file query31.cif (mmCIF, C-alpha atoms)
data_entry
#
loop_
_atom_site.group_PDB
_atom_site.id
_atom_site.type_symbol
_atom_site.label_atom_id
_atom_site.label_comp_id
_atom_site.auth_asym_id
_atom_site.auth_seq_id
_atom_site.Cartn_x
_atom_site.Cartn_y
_atom_site.Cartn_z
ATOM 1 C CA MET A 102 0.000 0.000 0.000
ATOM 2 C CA ARG A 103 2.773 2.402 1.009
ATOM 3 C CA ASN A 104 4.758 1.450 -2.096
ATOM 4 C CA ASP A 105 1.691 2.003 -4.277
ATOM 5 C CA ARG A 106 1.253 5.465 -2.838
ATOM 6 C CA LEU A 107 4.919 6.284 -3.316
ATOM 7 C CA THR A 108 4.869 5.072 -6.909
ATOM 8 C CA MET A 109 1.755 7.090 -7.673
ATOM 9 C CA GLU A 110 3.257 10.165 -6.009
ATOM 10 C CA GLN A 111 6.400 9.834 -8.101
ATOM 11 C CA PHE A 112 4.343 9.460 -11.237
ATOM 12 C CA LEU A 113 2.209 12.511 -10.499
ATOM 13 C CA ALA A 114 5.286 14.552 -9.641
ATOM 14 C CA SER A 115 6.849 13.534 -12.951
ATOM 15 C CA VAL A 116 3.922 14.761 -15.067
ATOM 16 C CA GLU A 117 2.411 17.631 -13.104
ATOM 17 C CA ARG A 118 4.450 20.488 -14.570
ATOM 18 C CA ARG A 119 4.048 19.427 -18.169
ATOM 19 C CA ALA A 120 0.349 18.787 -17.582
ATOM 20 C CA PHE A 121 -0.008 22.242 -16.095
ATOM 21 C CA ARG A 122 1.717 23.892 -19.054
ATOM 22 C CA MET A 123 -0.396 21.946 -21.549
ATOM 23 C CA ALA A 124 -3.559 23.056 -19.791
ATOM 24 C CA GLN A 125 -2.245 26.598 -19.477
ATOM 25 C CA ILE A 126 -1.407 26.805 -23.177
ATOM 26 C CA ALA A 127 -4.830 25.383 -24.049
ATOM 27 C CA THR A 128 -6.850 27.657 -21.758
ATOM 28 C CA GLY A 129 -4.601 30.661 -21.490
ATOM 29 C CA ASP A 130 -5.310 30.803 -17.774
ATOM 30 C CA SER A 131 -3.190 29.519 -14.887
ATOM 31 C CA ASP A 132 -6.020 29.045 -12.403
ATOM 32 C CA GLU A 133 -8.110 27.127 -14.905
ATOM 33 C CA ALA A 134 -5.040 25.051 -15.749
ATOM 34 C CA LEU A 135 -4.475 24.176 -12.085
ATOM 35 C CA ASP A 136 -8.127 23.161 -11.709
ATOM 36 C CA ILE A 137 -7.850 20.955 -14.781
ATOM 37 C CA VAL A 138 -4.648 19.303 -13.493
ATOM 38 C CA GLN A 139 -6.322 18.723 -10.129
ATOM 39 C CA ASP A 140 -9.291 17.044 -11.818
ATOM 40 C CA ALA A 141 -6.967 14.887 -13.883
ATOM 41 C CA MET A 142 -4.978 13.766 -10.831
ATOM 42 C CA LEU A 143 -8.100 13.004 -8.824
ATOM 43 C CA GLY A 144 -9.583 11.150 -11.757
ATOM 44 C CA LEU A 145 -6.490 9.037 -12.188
ATOM 45 C CA VAL A 146 -6.187 7.986 -8.538
ATOM 46 C CA ALA A 147 -9.928 7.412 -8.207
ATOM 47 C CA LYS A 148 -10.424 5.329 -11.336
ATOM 48 C CA TYR A 149 -7.143 3.935 -12.514
ATOM 49 C CA ASN A 150 -5.045 3.534 -9.363
ATOM 50 C CA ARG A 151 -5.034 -0.235 -9.791
ATOM 51 C CA LYS A 152 -4.323 -0.247 -13.510
ATOM 52 C CA PRO A 153 -0.832 -1.261 -14.634
ATOM 53 C CA GLN A 154 1.655 1.527 -14.172
ATOM 54 C CA ALA A 155 2.519 1.539 -17.880
ATOM 55 C CA LEU A 156 -1.006 2.800 -18.609
ATOM 56 C CA TRP A 157 -0.970 5.645 -16.105
ATOM 57 C CA LYS A 158 0.588 8.179 -18.440
ATOM 58 C CA PRO A 159 -1.797 7.790 -21.405
ATOM 59 C CA LEU A 160 -4.753 7.504 -19.013
ATOM 60 C CA PHE A 161 -3.701 10.602 -17.095
ATOM 61 C CA TYR A 162 -3.371 12.602 -20.299
ATOM 62 C CA ARG A 163 -6.658 11.217 -21.538
ATOM 63 C CA ILE A 164 -8.391 12.626 -18.459
ATOM 64 C CA LEU A 165 -6.473 15.879 -18.800
ATOM 65 C CA GLN A 166 -7.433 16.288 -22.459
ATOM 66 C CA ASN A 167 -11.055 15.458 -21.654
ATOM 67 C CA ARG A 168 -11.104 18.173 -19.028
ATOM 68 C CA ILE A 169 -9.562 20.649 -21.462
ATOM 69 C CA ARG A 170 -12.200 19.764 -24.061
ATOM 70 C CA ASP A 171 -14.933 20.173 -21.445
ATOM 71 C CA TRP A 172 -13.502 23.575 -20.601
ATOM 72 C CA TYR A 173 -13.585 24.557 -24.277
ATOM 73 C CA ARG A 174 -17.198 23.480 -24.629
ATOM 74 C CA ARG A 175 -18.273 25.373 -21.511
ATOM 75 C CA THR A 176 -16.409 28.454 -22.665
ATOM 76 C CA LYS A 177 -18.052 28.310 -26.079
ATOM 77 C CA VAL A 178 -21.523 27.932 -24.586
ATOM 78 C CA ARG A 179 -20.895 30.794 -22.156
ATOM 79 C CA LYS A 180 -19.731 32.989 -24.989
ATOM 80 C CA ARG A 181 -22.737 32.118 -27.140
ATOM 81 C CA TRP A 182 -25.132 32.986 -24.302
ATOM 82 C CA ARG A 183 -23.358 36.230 -23.589
ATOM 83 C CA GLN A 184 -23.559 37.219 -27.237
ATOM 84 C CA TRP A 185 -27.225 36.269 -27.399
ATOM 85 C CA LEU A 186 -28.062 38.179 -24.228
ATOM 86 C CA ASN A 187 -25.960 41.230 -25.135
ATOM 87 C CA PRO A 188 -25.534 41.313 -28.895
ATOM 88 C CA ASP A 189 -24.358 44.935 -28.923
ATOM 89 C CA LYS A 190 -21.771 44.612 -26.237
ATOM 90 C CA ASN A 191 -18.375 43.124 -26.836
ATOM 91 C CA MET A 192 -18.496 41.158 -23.620
ATOM 92 C CA ASP A 193 -15.477 40.294 -21.524
ATOM 93 C CA ARG A 194 -12.983 41.436 -24.039
ATOM 94 C CA ASP A 195 -10.454 41.785 -21.251
ATOM 95 C CA ASN A 196 -11.459 38.735 -19.287
ATOM 96 C CA PRO A 197 -8.441 36.423 -19.237
ATOM 97 C CA ARG A 198 -10.757 33.455 -18.690
ATOM 98 C CA ASP A 199 -12.269 33.810 -22.116
ATOM 99 C CA LEU A 200 -9.871 31.795 -24.169
ATOM 100 C CA LEU A 201 -11.511 32.419 -27.490
ATOM 101 C CA GLU A 202 -11.183 36.163 -27.088
ATOM 102 C CA ASN A 203 -7.616 35.888 -25.867
ATOM 103 C CA MET A 204 -6.589 33.639 -28.701
ATOM 104 C CA ALA A 205 -7.811 36.211 -31.144
ATOM 105 C CA ALA A 206 -5.849 39.007 -29.500
ATOM 106 C CA PRO A 207 -3.479 40.119 -32.250
ATOM 107 C CA ASP A 208 -0.617 41.748 -30.401
ATOM 108 C CA ALA A 209 0.102 39.640 -27.362
ATOM 109 C CA GLY A 210 0.141 36.368 -29.268
ATOM 110 C CA ASN A 211 2.040 37.328 -32.378
ATOM 111 C CA PRO A 212 4.939 34.818 -32.703
ATOM 112 C CA ASP A 213 6.831 37.029 -35.113
ATOM 113 C CA HIS A 214 6.841 39.884 -32.682
ATOM 114 C CA LEU A 215 7.769 37.702 -29.739
ATOM 115 C CA THR A 216 10.650 35.903 -31.440
ATOM 116 C CA LEU A 217 11.996 39.231 -32.544
ATOM 117 C CA VAL A 218 12.186 40.359 -28.966
ATOM 118 C CA GLY A 219 13.928 37.132 -28.129
ATOM 119 C CA ASP A 220 11.293 35.405 -26.053
ATOM 120 C CA ALA A 221 11.366 31.947 -27.580
ATOM 121 C CA SER A 222 9.075 30.504 -24.955
ATOM 122 C CA LYS A 223 6.309 33.035 -25.464
ATOM 123 C CA ALA A 224 6.706 32.805 -29.230
ATOM 124 C CA LEU A 225 6.248 29.064 -29.103
ATOM 125 C CA GLU A 226 3.280 29.403 -26.771
ATOM 126 C CA ALA A 227 1.657 31.899 -29.089
ATOM 127 C CA ALA A 228 2.300 29.659 -32.077
ATOM 128 C CA LEU A 229 0.856 26.672 -30.222
ATOM 129 C CA GLN A 230 -2.238 28.706 -29.465
ATOM 130 C CA LYS A 231 -2.729 29.259 -33.174
ATOM 131 C CA LEU A 232 -3.193 25.512 -33.634
ATOM 132 C CA THR A 233 -6.514 23.768 -33.308
ATOM 133 C CA LEU A 234 -6.975 22.035 -29.965
ATOM 134 C CA ARG A 235 -6.493 18.596 -31.525
ATOM 135 C CA GLN A 236 -3.287 19.640 -33.284
ATOM 136 C CA GLN A 237 -2.021 21.219 -30.089
ATOM 137 C CA GLN A 238 -2.717 18.042 -28.130
ATOM 138 C CA ALA A 239 -1.109 15.796 -30.721
ATOM 139 C CA PHE A 240 2.012 17.947 -30.904
ATOM 140 C CA LEU A 241 2.500 18.335 -27.147
ATOM 141 C CA LEU A 242 1.816 14.701 -26.328
ATOM 142 C CA ARG A 243 4.006 13.339 -29.105
ATOM 143 C CA ALA A 244 6.854 15.836 -29.327
ATOM 144 C CA TRP A 245 7.088 16.970 -25.731
ATOM 145 C CA GLU A 246 5.681 14.229 -23.522
ATOM 146 C CA GLY A 247 7.116 11.591 -25.837
ATOM 147 C CA LEU A 248 4.037 9.378 -25.987
ATOM 148 C CA SER A 249 3.896 6.797 -28.758
ATOM 149 C CA VAL A 250 1.314 7.159 -31.513
ATOM 150 C CA ALA A 251 -0.799 4.444 -29.863
ATOM 151 C CA ASP A 252 -0.647 6.082 -26.415
ATOM 152 C CA THR A 253 -1.399 9.490 -27.920
ATOM 153 C CA ALA A 254 -4.407 7.962 -29.665
ATOM 154 C CA LEU A 255 -5.555 6.544 -26.328
ATOM 155 C CA ALA A 256 -5.079 9.917 -24.651
ATOM 156 C CA MET A 257 -6.861 11.796 -27.436
ATOM 157 C CA ARG A 258 -9.591 9.184 -27.910
ATOM 158 C CA CYS A 259 -9.014 8.916 -31.625
ATOM 159 C CA SER A 260 -7.331 6.618 -34.137
ATOM 160 C CA ALA A 261 -3.584 6.388 -34.693
ATOM 161 C CA GLY A 262 -4.149 7.748 -38.203
ATOM 162 C CA SER A 263 -5.835 10.856 -36.812
ATOM 163 C CA VAL A 264 -2.936 11.400 -34.421
ATOM 164 C CA LYS A 265 -0.486 11.297 -37.307
ATOM 165 C CA THR A 266 -2.568 13.733 -39.346
ATOM 166 C CA HIS A 267 -3.000 16.204 -36.466
ATOM 167 C CA TYR A 268 0.674 15.939 -35.598
ATOM 168 C CA ALA A 269 1.868 16.501 -39.173
ATOM 169 C CA ARG A 270 -0.381 19.531 -39.592
ATOM 170 C CA ALA A 271 0.688 20.931 -36.233
ATOM 171 C CA LEU A 272 4.345 20.553 -37.114
ATOM 172 C CA LYS A 273 3.879 22.255 -40.463
ATOM 173 C CA THR A 274 1.965 25.169 -38.955
ATOM 174 C CA LEU A 275 4.494 25.652 -36.182
ATOM 175 C CA ARG A 276 7.367 25.551 -38.609
ATOM 176 C CA ASP A 277 5.668 28.086 -40.830
ATOM 177 C CA LEU A 278 5.113 30.362 -37.854
ATOM 178 C CA LEU A 279 8.510 29.969 -36.181
ATOM 179 C CA GLU A 280 11.001 28.590 -38.643
ATOM 180 C CA ASP A 281 12.314 31.884 -39.904
ATOM 181 C CA HIS A 282 13.237 32.844 -36.388
ATOM 182 C CA TRP A 283 14.569 29.545 -35.121
ATOM 183 C CA PRO A 284 17.902 28.435 -36.600
ATOM 184 C CA MET B 88 16.623 13.479 -45.569
ATOM 185 C CA ARG B 89 17.371 17.150 -45.135
ATOM 186 C CA ALA B 90 13.749 17.901 -44.244
ATOM 187 C CA GLU B 91 13.815 15.086 -41.718
ATOM 188 C CA LYS B 92 16.920 16.498 -40.059
ATOM 189 C CA SER B 93 15.385 19.917 -40.131
ATOM 190 C CA ASP B 94 12.232 18.573 -38.432
ATOM 191 C CA LYS B 95 14.385 16.901 -35.820
ATOM 192 C CA ASN B 96 16.208 20.140 -35.043
ATOM 193 C CA PHE B 97 12.974 22.035 -34.887
ATOM 194 C CA LEU B 98 11.414 19.508 -32.526
ATOM 195 C CA LYS B 99 14.479 19.500 -30.292
ATOM 196 C CA LYS B 100 14.387 23.259 -30.083
ATOM 197 C CA ALA B 101 10.671 23.229 -29.244
ATOM 198 C CA LYS B 102 11.180 20.559 -26.608
ATOM 199 C CA ASP B 103 14.100 22.435 -25.050
ATOM 200 C CA VAL B 104 12.083 25.635 -24.882
ATOM 201 C CA LEU B 105 9.124 23.870 -23.260
ATOM 202 C CA ASP B 106 11.376 22.020 -20.810
ATOM 203 C CA GLN B 107 13.128 25.211 -19.841
ATOM 204 C CA ASN B 108 9.784 26.855 -19.353
ATOM 205 C CA ILE B 109 8.558 24.314 -16.802
ATOM 206 C CA GLU B 110 11.875 24.470 -14.968
ATOM 207 C CA GLU B 111 11.280 28.168 -14.526
ATOM 208 C CA LEU B 112 7.744 27.886 -13.174
ATOM 209 C CA ASP B 113 7.182 30.329 -10.325
ATOM 210 C CA GLY B 114 7.292 29.092 -6.735
ATOM 211 C CA ALA B 115 3.607 29.719 -6.099
ATOM 212 C CA THR B 116 2.554 27.527 -9.017
ATOM 213 C CA VAL B 117 4.986 24.766 -8.046
ATOM 214 C CA SER B 118 3.666 24.902 -4.488
ATOM 215 C CA ARG B 119 0.057 24.708 -5.670
ATOM 216 C CA LEU B 120 0.881 21.765 -7.896
ATOM 217 C CA ARG B 121 2.442 19.987 -4.910
ATOM 218 C CA LYS B 122 -0.681 20.653 -2.820
ATOM 219 C CA ILE B 123 -2.883 19.362 -5.617
ATOM 220 C CA ARG B 124 -0.769 16.216 -5.826
ATOM 221 C CA TYR B 125 -0.981 15.583 -2.067
ATOM 222 C CA ALA B 126 -4.726 16.225 -2.120
ATOM 223 C CA ALA B 127 -5.114 13.636 -4.881
ATOM 224 C CA LEU B 128 -3.058 11.111 -2.921
ATOM 225 C CA GLU B 129 -5.085 11.785 0.234
ATOM 226 C CA LYS B 130 -8.210 11.173 -1.805
ATOM 227 C CA SER B 131 -6.664 7.928 -2.943
ATOM 228 C CA ASP B 132 -6.206 6.849 0.689
ATOM 229 C CA THR B 133 -9.799 7.809 1.465
ATOM 230 C CA ILE B 134 -11.010 5.787 -1.483
ATOM 231 C CA GLU B 135 -9.034 2.751 -0.243
ATOM 232 C CA HIS B 136 -10.422 3.265 3.259
ATOM 233 C CA SER B 137 -14.025 3.726 2.151
ATOM 234 C CA TRP B 138 -13.655 0.727 -0.136
ATOM 235 C CA TRP B 139 -12.895 -1.382 2.940
ATOM 236 C CA GLN B 140 -15.624 0.286 4.956
ATOM 237 C CA ARG B 141 -18.161 -0.302 2.211
ATOM 238 C CA LEU B 142 -17.115 -3.921 2.048
ATOM 239 C CA ARG B 143 -16.966 -4.503 5.813
ATOM 240 C CA LEU B 144 -20.706 -4.324 6.538
ATOM 241 C CA PRO B 145 -21.760 -6.772 3.804
ATOM 242 C CA ALA B 146 -18.878 -9.048 4.821
ATOM 243 C CA VAL B 147 -20.058 -9.172 8.433
ATOM 244 C CA ALA B 148 -23.658 -9.730 7.302
ATOM 245 C CA LEU B 149 -22.546 -12.507 4.970
ATOM 246 C CA MET B 150 -20.520 -14.196 7.722
ATOM 247 C CA THR B 151 -23.474 -14.021 10.139
ATOM 248 C CA ALA B 152 -25.855 -15.440 7.537
ATOM 249 C CA SER B 153 -23.377 -18.232 6.759
ATOM 250 C CA LEU B 154 -23.044 -19.084 10.442
ATOM 251 C CA ILE B 155 -26.824 -19.237 10.891
ATOM 252 C CA ALA B 156 -27.133 -21.414 7.801
ATOM 253 C CA VAL B 157 -24.455 -23.833 9.029
ATOM 254 C CA VAL B 158 -26.032 -24.122 12.490
ATOM 255 C CA THR B 159 -29.460 -24.713 10.934
ATOM 256 C CA ILE B 160 -28.171 -27.415 8.587
ATOM 257 C CA VAL B 161 -26.300 -29.176 11.394
ATOM 258 C CA GLN B 162 -29.391 -29.144 13.584
ATOM 259 C CA MET B 163 -31.566 -30.502 10.776
ATOM 260 C CA ARG B 164 -29.163 -33.358 10.125
ATOM 261 C CA THR B 165 -28.821 -34.393 13.802
ATOM 262 C CA PRO B 166 -31.252 -37.320 14.520
ATOM 263 C CA VAL B 167 -33.979 -36.340 16.917
ATOM 264 C CA GLU B 168 -33.739 -38.223 20.211
ATOM 265 C CA LEU B 169 -36.756 -40.456 20.921
ATOM 266 C CA SER B 170 -39.061 -39.085 23.492
ATOM 267 C CA PRO B 171 -39.411 -41.256 26.642
ATOM 268 C CA ILE B 172 -43.162 -41.568 25.918
ATOM 269 C CA ASN B 173 -42.639 -43.006 22.504
ATOM 270 C CA THR B 174 -42.986 -46.657 23.328
ATOM 271 C CA VAL B 175 -46.283 -48.425 23.933
ATOM 272 C CA GLU B 176 -44.964 -49.736 27.226
ATOM 273 C CA ASP B 177 -44.254 -46.251 28.481
ATOM 274 C CA ILE B 178 -47.747 -45.164 27.461
ATOM 275 C CA GLU B 179 -49.269 -47.987 29.443
ATOM 276 C CA ILE B 180 -47.220 -47.073 32.497
ATOM 277 C CA LEU B 181 -48.188 -43.470 32.227
ATOM 278 C CA ALA B 182 -51.838 -44.384 31.838
ATOM 279 C CA SER B 183 -52.002 -45.868 35.294
ATOM 280 C CA ASN B 184 -51.186 -43.901 38.464
ATOM 281 C CA GLU B 185 -50.940 -47.012 40.602
ATOM 282 C CA GLN B 186 -48.362 -48.639 38.453
ATOM 283 C CA ILE B 187 -46.269 -45.504 38.493
ATOM 284 C CA ASP B 188 -46.393 -45.530 42.307
ATOM 285 C CA LEU B 189 -45.375 -49.175 42.253
ATOM 286 C CA TYR B 190 -42.395 -48.489 40.031
ATOM 287 C CA GLU B 191 -41.416 -45.416 41.994
ATOM 288 C CA ASN B 192 -41.419 -47.467 45.263
ATOM 289 C CA PHE B 193 -39.963 -50.563 43.692
ATOM 290 C CA ASP B 194 -36.692 -50.308 45.650
ATOM 291 C CA PHE B 195 -38.615 -49.962 48.897
ATOM 292 C CA TYR B 196 -40.785 -53.060 48.196
ATOM 293 C CA THR B 197 -37.698 -55.092 47.269
ATOM 294 C CA TRP B 198 -36.040 -54.083 50.525
ATOM 295 C CA LEU B 199 -39.233 -54.910 52.477
ATOM 296 C CA VAL B 200 -39.465 -58.425 50.984
ATOM 297 C CA GLU B 201 -35.784 -59.074 51.790
ATOM 298 C CA GLU B 202 -36.290 -57.951 55.423
ATOM 299 C CA GLN B 203 -39.320 -60.209 55.874
ATOM 300 C CA GLN B 204 -37.435 -63.157 54.461
ATOM 301 C CA ASN B 205 -34.529 -62.527 56.815
ATOM 302 C CA ALA B 206 -36.836 -62.195 59.764
ATOM 303 C CA GLY B 207 -38.758 -65.388 58.771
#
call {"tool": "encode", "arguments": {"input": "query31.cif", "output": "structure tokens"}}
result
Amino acid sequence: MRNDRLTMEQFLASVERRAFRMAQIATGDSDEALDIVQDAMLGLVAKYNRKPQALWKPLFYRILQNRIRDWYRRTKVRKRWRQWLNPDKNMDRDNPRDLLENMAAPDAGNPDHLTLVGDASKALEAALQKLTLRQQQAFLLRAWEGLSVADTALAMRCSAGSVKTHYARALKTLRDLLEDHWP
Amino acid sequence: MRAEKSDKNFLKKAKDVLDQNIEELDGATVSRLRKIRYAALEKSDTIEHSWWQRLRLPAVALMTASLIAVVTIVQMRTPVELSPINTVEDIEILASNEQIDLYENFDFYTWLVEEQQNAG
């Protein structure tokens, strides 16, 4: 029992920062990202604690990506209702929680501008935010977390072929956005 | 080949940037992540505990039911001892008060006969 707990703790510690950044890039909000990571951790220990350790990583990211998708859906619905209730007002333009508005912000997320000022991290983040959610997930899980195509498919709840397509498109888009600035 | 190498370099650069970024996470975020992790592990312990608690009551009930069933079966299989009034002879004895008195005082009558014989 003690060993199980220790193993799980080590696993969670090994993925928590990357999971946080993935959620933060996806939502554009640190607090939302922390909530999503918390849900993913709780979900993993509650449902999959007794699954083989080799499955923990894809299962953890599956829960994480589900939570991110849920967040997207909620945000979209909220935005639709706000627009319907107040069609004349440009609601929550400055609200950092509204991802869709933030993603459309032209200055803060311009990769060209950011790479020029030398902030590679912010440039990459901005470029990642230009991707569709599925492309973003495929790229981060494959290129950064190092999941196999099969594990990424499990995490993203799609086929291996879809993972490859999303990944290839993500890579192309990122290269187009950043290549000129990255040697 | 060249494109492949170029992709590799690009991916390495992206990975390095992302890795560096999480190494430089601010203390408050790292602390909150640690708290979240501990909270999840505590929840895990609670789940284990409640799993046992949920199981304990049915287990005790099942054991009690099993015990009752075993006792019942054993009792049903044990042959019932014959009642002392089962035989016809016993019924006849019970039907007559005099005879019962006779049998009850049988030792006394035996002793009385022996005394008379000795005296005679």
call {"tool": "atom_distance", "arguments": {"input": "query31.cif", "atom1": "CA of Lys158 in chain A", "atom2": "CA of Met109 in chain A"}}
result
10.9 Å
call {"tool": "residues_around", "arguments": {"input": "query31.cif", "residues": "Glu226 in chain A", "least_positions_apart": "3", "cutoff": "9 Å", "atoms": "only C-alpha atoms", "output": "ChimeraX atom specification"}}
result
/A:126,210,212,221-223,229-231 /B:105
call {"tool": "residues_around", "arguments": {"input": "query31.cif", "residues": "Leu255 in chain A", "least_positions_apart": "4", "cutoff": "9 Å", "atoms": "all atoms listed in the file", "output": "JSON, numbers by chain"}}
result
{"A": [159, 160, 162, 163, 250, 251, 259, 260, 261]}
call {"tool": "resolve_selection", "arguments": {"input": "query31.cif", "expression": "the PyMOL selection byres ((chain A) within 7 of (chain B))", "output": "ChimeraX atom specification"}}
result
/A:113,117-119,139,142-143,146-147,221-222,244-245
call {"tool": "resolve_selection", "arguments": {"input": "query31.cif", "expression": "the PyMOL selection byres ((chain A and resi 268) around 8)", "output": "list in words"}}
result
Gln236, Ala239, Phe240, Arg243, Val264, Lys265, Thr266, His267, Ala269, Arg270, Ala271 and Leu272 of chain A
call {"tool": "resolve_selection", "arguments": {"input": "query31.cif", "expression": "the PyMOL selection byres ((chain A and resi 157) around 12)", "output": "NGL selection string"}}
result
:A and (108-113 or 115-116 or 141-142 or 144-146 or 148-156 or 158-165 or 248 or 252 or 255-256)
call {"tool": "atom_distance", "arguments": {"input": "query31.cif", "atom1": "CA of Arg170 in chain A", "atom2": "CA of Ala227 in chain A"}}
result
19.1 Å
call {"tool": "atom_distance", "arguments": {"input": "query31.cif", "atom1": "CA of Lys177 in chain A", "atom2": "CA of Ser131 in chain A"}}
result
18.6 Å
